[in-house]
Structures are given as C-alpha cells and as structure tokens.
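What follows is target.csv (CSV, C-alpha atoms).
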chain,number,residue,atom,x,y,z
A,1,MET,CA,46.6,8.8,9.2
A,2,ASN,CA,47.6,5.8,7.0
A,3,GLU,CA,49.4,8.2,4.7
A,4,LEU,CA,51.5,9.6,7.6
A,5,VAL,CA,52.4,6.1,8.7
A,6,ARG,CA,53.3,5.2,5.1
A,7,LEU,CA,55.5,8.3,4.7
A,8,VAL,CA,57.4,7.6,8.0
A,9,SER,CA,57.9,3.9,7.3
A,10,GLU,CA,59.1,4.5,3.7
A,11,HIS,CA,61.6,7.2,4.7
A,12,PRO,CA,62.4,7.0,8.4
A,13,VAL,CA,65.9,8.5,8.2
A,14,ALA,CA,64.7,11.3,5.9
A,15,GLN,CA,61.9,12.2,8.3
A,16,GLY,CA,64.3,12.1,11.3
A,17,VAL,CA,66.8,14.4,9.6
A,18,GLY,CA,63.8,16.6,8.8
A,19,LEU,CA,62.9,16.8,12.5
A,20,VAL,CA,66.3,18.3,13.3
A,21,ALA,CA,65.9,20.8,10.4
A,22,LEU,CA,62.5,21.7,11.8
A,23,ALA,CA,63.9,22.6,15.2
A,24,VAL,CA,66.7,24.8,13.9
A,25,THR,CA,64.4,26.6,11.4
A,26,VAL,CA,61.6,27.4,13.8
A,27,LEU,CA,64.0,28.9,16.3
A,28,SER,CA,65.7,31.0,13.6
A,29,TYR,CA,62.9,33.4,13.2
A,30,GLN,CA,63.3,34.6,16.8
A,31,ALA,CA,66.7,36.2,16.0
A,32,ARG,CA,66.8,40.0,16.4
A,33,THR,CA,68.7,40.7,13.2
A,34,THR,CA,68.5,39.5,9.6
A,35,ARG,CA,72.2,38.4,10.1
A,36,GLY,CA,71.1,36.2,13.0
A,37,ILE,CA,68.2,34.8,11.0
A,38,ALA,CA,70.5,34.1,8.0
A,39,LEU,CA,73.1,32.3,10.1
A,40,ARG,CA,70.5,30.1,11.8
A,41,GLN,CA,68.8,29.5,8.4
A,42,ALA,CA,72.2,28.3,7.0
A,43,VAL,CA,72.4,25.6,9.6
A,44,GLY,CA,68.8,24.6,9.0
A,45,SER,CA,69.5,24.5,5.3
A,46,PHE,CA,72.2,21.9,5.8
A,47,PHE,CA,69.6,19.5,7.4
A,48,TRP,CA,66.9,20.5,4.9
A,49,THR,CA,69.2,19.6,2.0
A,50,ALA,CA,69.9,16.2,3.4
A,51,HIS,CA,66.2,15.7,4.2
A,52,MET,CA,65.0,16.6,0.7
A,53,LEU,CA,67.6,14.6,-1.1
A,54,LEU,CA,66.8,11.5,1.0
A,55,LEU,CA,63.1,12.0,0.0
A,56,GLY,CA,64.1,12.3,-3.7
A,57,ALA,CA,62.9,15.9,-3.9
A,58,TRP,CA,65.9,17.2,-5.9
A,59,THR,CA,64.7,20.7,-6.5
A,60,GLY,CA,64.1,21.2,-2.7
A,61,GLY,CA,67.5,19.7,-2.0
A,62,LEU,CA,69.4,21.9,-4.4
A,63,LEU,CA,67.6,25.0,-3.3
A,64,ASN,CA,68.3,24.3,0.3
A,65,LEU,CA,71.9,23.7,-0.5
A,66,LEU,CA,72.0,27.1,-2.1
A,67,GLY,CA,70.3,28.4,1.0
A,68,LEU,CA,73.2,27.1,3.1
A,69,VAL,CA,75.7,28.9,0.9
A,70,ARG,CA,73.5,32.0,0.9
A,71,GLY,CA,73.2,32.0,4.7
A,72,SER,CA,77.0,31.6,5.1
A,73,VAL,CA,77.6,34.6,2.9
A,74,TYR,CA,74.8,36.8,4.3
A,75,SER,CA,76.0,36.1,7.9
A,76,ARG,CA,79.3,37.7,7.1
A,77,ARG,CA,77.7,40.9,5.7
A,78,GLY,CA,79.1,43.9,7.4
A,79,GLU,CA,82.1,42.0,8.6
A,80,ARG,CA,83.7,41.3,5.2
A,81,ALA,CA,83.7,43.6,2.2
A,82,TRP,CA,83.1,40.8,-0.2
A,83,ALA,CA,80.0,39.6,1.6
A,84,SER,CA,78.5,43.2,1.7
A,85,ARG,CA,78.3,43.6,-2.1
A,86,PRO,CA,74.8,44.4,-3.3
A,87,PHE,CA,74.9,41.8,-6.1
A,88,TRP,CA,74.5,38.8,-3.7
A,89,PRO,CA,70.6,38.7,-3.6
A,90,TRP,CA,70.5,38.9,-7.4
A,91,LEU,CA,73.2,36.2,-7.8
A,92,PHE,CA,71.5,33.8,-5.4
A,93,GLY,CA,68.1,34.5,-7.0
A,94,ALA,CA,69.5,33.7,-10.4
A,95,LEU,CA,71.2,30.6,-9.1
A,96,CYS,CA,67.9,29.5,-7.5
A,97,VAL,CA,66.1,29.8,-10.8
A,98,GLY,CA,68.9,28.0,-12.6
A,99,ALA,CA,69.0,25.2,-10.0
A,100,ALA,CA,65.3,24.7,-10.1
A,101,ALA,CA,65.3,24.6,-13.9
A,102,TRP,CA,68.1,22.0,-13.9
A,103,ALA,CA,66.4,19.9,-11.3
A,104,GLY,CA,63.2,20.1,-13.2
A,105,LEU,CA,65.0,18.6,-16.2
A,106,VAL,CA,66.6,15.8,-14.2
A,107,GLN,CA,63.5,14.9,-12.2
A,108,ASP,CA,59.9,15.8,-13.3
A,109,GLU,CA,58.5,17.5,-10.3
A,110,GLY,CA,55.5,19.1,-12.1
A,111,PRO,CA,53.9,22.0,-10.4
A,112,ARG,CA,56.0,21.6,-7.3
A,113,LEU,CA,58.8,23.3,-9.2
A,114,LEU,CA,56.7,26.4,-9.5
A,115,LEU,CA,56.5,26.6,-5.7
A,116,SER,CA,60.1,26.1,-4.5
A,117,ALA,CA,62.0,28.5,-6.8
A,118,PRO,CA,59.9,31.6,-6.0
A,119,ALA,CA,60.0,30.7,-2.3
A,120,GLN,CA,63.8,30.5,-2.3
A,121,CYS,CA,64.1,33.7,-4.4
A,122,LEU,CA,61.9,35.6,-1.9
A,123,GLY,CA,64.2,34.3,0.9
A,124,CYS,CA,67.2,35.7,-1.0
A,125,TYR,CA,65.8,39.2,-0.7
A,126,ALA,CA,64.2,38.8,2.7
A,127,LEU,CA,67.5,37.8,4.4
A,128,TRP,CA,69.4,40.5,2.7
A,129,THR,CA,67.4,43.5,3.6
A,130,PRO,CA,68.3,45.3,6.8
A,131,ARG,CA,64.6,46.0,7.3
A,132,VAL,CA,63.8,43.1,9.7
A,133,ARG,CA,60.1,43.7,9.8
A,134,LEU,CA,59.9,43.7,6.0
A,135,ALA,CA,62.1,40.5,5.9
A,136,ARG,CA,59.6,38.8,8.2
A,137,TRP,CA,56.6,39.6,6.0
A,138,ILE,CA,58.5,38.4,2.9
A,139,LEU,CA,59.4,35.2,4.8
A,140,VAL,CA,55.7,34.7,5.5
A,141,ALA,CA,55.1,34.5,1.7
A,142,ALA,CA,58.1,32.3,1.1
A,143,SER,CA,57.0,30.0,3.9
A,144,LEU,CA,53.6,29.5,2.4
A,145,LEU,CA,55.1,28.4,-0.9
A,146,TRP,CA,57.4,26.0,0.9
A,147,LEU,CA,54.4,24.6,2.9
A,148,LEU,CA,52.8,23.6,-0.4
A,149,TYR,CA,56.0,22.2,-1.8
A,150,ASP,CA,56.7,20.1,1.3
A,151,ALA,CA,53.1,18.8,1.4
A,152,LEU,CA,53.3,17.7,-2.2
A,153,SER,CA,56.8,16.2,-1.6
A,154,GLY,CA,55.7,14.0,1.3
A,155,SER,CA,57.9,15.9,3.8
A,156,ILE,CA,56.1,15.6,7.2
A,157,PRO,CA,58.7,17.7,9.1
A,158,GLY,CA,58.8,20.3,6.2
A,159,THR,CA,55.0,20.7,6.3
A,160,VAL,CA,55.0,20.9,10.1
A,161,CYS,CA,58.0,23.3,10.0
A,162,GLU,CA,56.2,25.7,7.7
A,163,ILE,CA,53.2,25.7,10.0
A,164,PHE,CA,55.4,26.4,13.0
A,165,SER,CA,57.3,29.0,10.9
A,166,GLN,CA,54.1,30.9,10.2
A,167,VAL,CA,53.3,30.9,13.9
A,168,SER,CA,56.8,31.9,14.9
A,169,LEU,CA,56.8,34.7,12.3
A,170,ALA,CA,53.5,35.9,13.5
A,171,ILE,CA,54.8,36.1,17.1
A,172,ALA,CA,58.0,37.9,15.9
A,173,ILE,CA,55.9,40.3,13.9
A,174,TYR,CA,53.6,41.0,16.8
A,175,ARG,CA,56.5,41.3,19.4
A,176,ASN,CA,58.5,43.6,17.2
A,177,ARG,CA,55.8,45.8,15.8
A,178,ALA,CA,56.3,49.6,15.6
A,179,PRO,CA,55.0,51.7,18.5
A,180,HIS,CA,51.5,52.9,17.8
A,181,ARG,CA,51.2,56.7,17.5
A,182,ARG,CA,48.1,58.1,19.3
A,183,ASP,CA,48.4,61.9,19.6
A,184,GLY,CA,52.0,62.5,18.4
A,185,PRO,CA,55.1,62.6,20.5
A,186,PRO,CA,54.4,63.1,24.2
A,187,ASP,CA,55.4,66.6,25.1
A,188,GLY,CA,57.7,66.8,22.1
A,189,ALA,CA,60.1,64.6,24.0
A,190,HIS,CA,60.7,62.1,21.1
A,191,CYS,CA,61.7,63.1,17.6
A,192,ALA,CA,59.5,62.3,14.7
A,193,ARG,CA,62.0,59.6,13.6
A,194,THR,CA,60.7,57.4,16.5
A,195,TYR,CA,57.4,57.1,14.7
A,196,ARG,CA,58.9,56.4,11.2
A,197,THR,CA,60.9,53.3,12.1
A,198,GLU,CA,62.1,51.0,9.3
A,199,CYS,CA,59.4,48.5,8.2
Would you give me this structure, written as structure tokens?
Amino acid sequence: MNELVRLVSEHPVAQGVGLVALAVTVLSYQARTTRGIALRQAVGSFFWTAHMLLLGAWTGGLLNLLGLVRGSVYSRRGERAWASRPFWPWLFGALCVGAAAWAGLVQDEGPRLLLSAPAQCLGCYALWTPRVRLARWILVAASLLWLLYDALSGSIPGTVCEIFSQVSLAIAIYRNRAPHRRDGPPDGAHCARTYRTEC
C-alpha cells in the first residue's frame, strides 16, 4: 500500500492522465469491428503516450505514440486506398522495433524493453486482421505483455487497465463466440458456411 501512495504522490498528473487512458482503452474492446477497436485505441494511445512520458517510461511513450498513428491509419482502412495497403502492419511492426531499440539506447529500461516492443507488434497485426475473434485473442497476449511492462514502470492505471482489458476481452470473446454445432444444420436450413465462421 505504501508503494501505491508513493507512486501517486510522486506522479499525480501522470497517474491522472493514465486514468483517462484507462477508461478509453477498456471501452475500446467492446467495439464490434477491428476498425472500431483501432479508432478507440488511437484515442487511448494519445493519453497513454502522455502518461508514459510523464512517468519517464520512454519506450512505452514512443510505442503508444506509434499506436496513435497506427490507429489513425487503420481506422481509415476500407475508406481510403492508401490506408488499405497490406504493408501497414509490417511497417508499424518495424517502426515499433526501431522505436524500442532507440528508446533502449536513450534510457536503460532493462528487461522492460523486451515486453513493450513485442506487445505493440502483436497489436499491429491484431488490429489489422479482419478476423475480429482472432484479433481479440492476439490482444490478450499483447495485454499480458503490457501488464508486466506497466507494473515494472510504476504505472498504476496501466496495470489496472491491462487487468480490466483482460476481463473486457474475455467478455467480448465469450459474447461473440461462434455458434456451437450439435448435430449439424437444423433440417438443412443453414448452409455449412454458418458453422465455419471466421475466427
């Protein structure tokens, strides 16, 4: 408990900005499309960037800044030809690795660096794929990595966010699960495609 009080008293503005980011991010997973998730994540990334930079966690700040740009591009996918190009996840993944490496040189983050870059790279693919259920499962893995990074960085809202994100993702995965096939299509009324939905 003393550690929580110390973290809040040393960085009250950073922790407050993190609370705003927490609210936006947890609600983002309830979107029905990856585009909706990406747009909400972009807004959350703005606040996470400020939060991490105020805490002095440069890698987290830079990666969240890239997340903001990524979310802005991904949310225009399907509307604009330039935003629908298949190279975007690869480009953002490479930028995440480069930003993490640069931040690691500027500020020695130790093992935390090995958590944030893979987490953000997973997010690059998860938010690109049109397979919403697959995206949610990948985001579970990314969220676990961010949970560890946030805890090691002293981010109370970040740690709480990732716990809430895990719960929110579990609810979304449960709510949007595929229909369970028992004895095949009832009276042949549904085509087999109904039972082979996208993951």
Fill in the blank from the handout: Pairwise distance, CA of Thr129 (chain A) with CA of Pro89 (chain A), equals 9.2 Å
Handout entry: Exercise: residues within 12 Å of coordinate (65.9, 24.4, -0.8), counting only C-alpha atoms, as number ranges by chain
Key = A: 21, 41-42, 44-53, 57-71, 92, 95-97, 99-100, 103, 113, 115-124, 142-143, 145-146, 149-150, 158
Practice task
One decimal, Å: what's the distance from CA of Thr34 (chain A) over to CA of Gly98 (chain A), could you say?
Solution key: 25.0 Å
Problem - d(CA of Val20 (chain A), CA of Ala172 (chain A)) in Å - result: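 That distance, rounded to one decimal, is 21.4 Å.
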Assuming 8 Å of padding per side, give the centre and edge lengths of the axis-aligned box around every listed atom of region 28-31 of chain A, in Å to one decimal and as JSON.
{"center_x": 64.8, "center_y": 33.6, "center_z": 15.0, "size_x": 19.8, "size_y": 21.2, "size_z": 19.6}
Exercise for the section: Could you tell me which of A:Leu127, A:Ala101, A:Leu152, A:Leu147 comes closest to Tyr29 (chain A) if we count all atoms listed in the file? Expected result: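 Nearest to Tyr29 (chain A): A:Leu127.
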Practice task
Give the answer as one residue: which of A:Ala83, A:Val132, A:Ala38, A:Leu27 has the shortest atom-to-atom distance to Cys161 (chain A), using only C-alpha atoms?
Solution key: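 Using only C-alpha atoms, the shortest distance to Cys161 (chain A) belongs to A:Leu27.
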Exercise for the section: Identify which of the residues A:Ser72, A:Gly56, A:Pro111, A:Ile171 lies closest to Arg40 (chain A), counting only C-alpha atoms when measuring atom-to-atom distances. Expected result: A:Ser72
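Among A:Ala170, A:Pro157, A:Ser84, A:Phe164, the residue with the shortest atom-to-atom distance to Gly18 (chain A), counting all atoms listed in the file, is A:Pro157.
With all atoms listed in the file as the atoms that count, the minimum distance from Gln15 (chain A) to the choices A:Tyr74, A:Leu55, A:Glu162, A:Tyr125 is reached by A:Leu55.
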Generate the coordinates of N, CA and C atoms for region 42-74 of chain A; report them as a tab-separated table (two decimals), in the frame of the given file.
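And here is the file that came out, result-v3.tsv:
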chain	number	residue	atom	x	y	z
A	42	ALA	N	71.12	29.08	7.65
A	42	ALA	CA	72.20	28.30	7.00
A	42	ALA	C	72.33	26.94	7.62
A	43	VAL	N	72.33	26.90	8.94
A	43	VAL	CA	72.40	25.60	9.60
A	43	VAL	C	71.22	24.75	9.32
A	44	GLY	N	70.03	25.35	9.35
A	44	GLY	CA	68.80	24.60	9.00
A	44	GLY	C	68.86	24.09	7.58
A	45	SER	N	69.41	24.89	6.67
A	45	SER	CA	69.50	24.50	5.30
A	45	SER	C	70.32	23.25	5.05
A	46	PHE	N	71.35	23.08	5.86
A	46	PHE	CA	72.20	21.90	5.80
A	46	PHE	C	71.29	20.63	5.99
A	47	PHE	N	70.49	20.68	7.06
A	47	PHE	CA	69.60	19.50	7.40
A	47	PHE	C	68.47	19.41	6.38
A	48	TRP	N	67.93	20.54	5.89
A	48	TRP	CA	66.90	20.50	4.90
A	48	TRP	C	67.37	19.88	3.59
A	49	THR	N	68.61	20.20	3.23
A	49	THR	CA	69.20	19.60	2.00
A	49	THR	C	69.25	18.11	2.10
A	50	ALA	N	69.78	17.63	3.21
A	50	ALA	CA	69.90	16.20	3.40
A	50	ALA	C	68.47	15.55	3.40
A	51	HIS	N	67.55	16.18	4.09
A	51	HIS	CA	66.20	15.70	4.20
A	51	HIS	C	65.53	15.55	2.79
A	52	MET	N	65.61	16.63	2.02
A	52	MET	CA	65.00	16.60	0.70
A	52	MET	C	65.63	15.62	-0.25
A	53	LEU	N	66.95	15.55	-0.22
A	53	LEU	CA	67.60	14.60	-1.10
A	53	LEU	C	67.29	13.15	-0.72
A	54	LEU	N	67.18	12.89	0.59
A	54	LEU	CA	66.80	11.50	1.00
A	54	LEU	C	65.36	11.20	0.60
A	55	LEU	N	64.50	12.22	0.49
A	55	LEU	CA	63.10	12.00	0.00
A	55	LEU	C	63.06	11.87	-1.52
A	56	GLY	N	64.14	12.28	-2.21
A	56	GLY	CA	64.10	12.30	-3.70
A	56	GLY	C	63.56	13.56	-4.27
A	57	ALA	N	63.43	14.61	-3.45
A	57	ALA	CA	62.90	15.90	-3.90
A	57	ALA	C	64.16	16.76	-4.29
A	58	TRP	N	64.65	16.57	-5.52
A	58	TRP	CA	65.90	17.20	-5.90
A	58	TRP	C	65.86	18.71	-5.96
A	59	THR	N	64.78	19.28	-6.41
A	59	THR	CA	64.70	20.70	-6.50
A	59	THR	C	64.81	21.31	-5.06
A	60	GLY	N	64.04	20.77	-4.13
A	60	GLY	CA	64.10	21.20	-2.70
A	60	GLY	C	65.50	21.05	-2.16
A	61	GLY	N	66.13	19.92	-2.48
A	61	GLY	CA	67.50	19.70	-2.00
A	61	GLY	C	68.49	20.68	-2.52
A	62	LEU	N	68.46	20.91	-3.83
A	62	LEU	CA	69.40	21.90	-4.40
A	62	LEU	C	69.16	23.29	-3.91
A	63	LEU	N	67.90	23.67	-3.79
A	63	LEU	CA	67.60	25.00	-3.30
A	63	LEU	C	67.99	25.21	-1.86
A	64	ASN	N	67.84	24.18	-1.07
A	64	ASN	CA	68.30	24.30	0.30
A	64	ASN	C	69.80	24.30	0.41
A	65	LEU	N	70.49	23.61	-0.49
A	65	LEU	CA	71.90	23.70	-0.50
A	65	LEU	C	72.39	25.12	-0.87
A	66	LEU	N	71.71	25.73	-1.83
A	66	LEU	CA	72.00	27.10	-2.10
A	66	LEU	C	71.69	28.03	-0.92
A	67	GLY	N	70.64	27.68	-0.19
A	67	GLY	CA	70.30	28.40	1.00
A	67	GLY	C	71.39	28.35	2.07
A	68	LEU	N	72.04	27.22	2.16
A	68	LEU	CA	73.20	27.10	3.10
A	68	LEU	C	74.30	28.01	2.70
A	69	VAL	N	74.65	28.03	1.42
A	69	VAL	CA	75.70	28.90	0.90
A	69	VAL	C	75.30	30.37	1.13
A	70	ARG	N	74.06	30.67	0.77
A	70	ARG	CA	73.50	32.00	0.90
A	70	ARG	C	73.62	32.49	2.37
A	71	GLY	N	73.17	31.65	3.29
A	71	GLY	CA	73.20	32.00	4.70
A	71	GLY	C	74.63	32.22	5.20
A	72	SER	N	75.57	31.43	4.70
A	72	SER	CA	77.00	31.60	5.10
A	72	SER	C	77.51	32.94	4.61
A	73	VAL	N	77.17	33.32	3.39
A	73	VAL	CA	77.60	34.60	2.90
A	73	VAL	C	76.93	35.76	3.59
A	74	TYR	N	75.61	35.68	3.72
A	74	TYR	CA	74.80	36.80	4.30
A	74	TYR	C	75.22	36.99	5.79
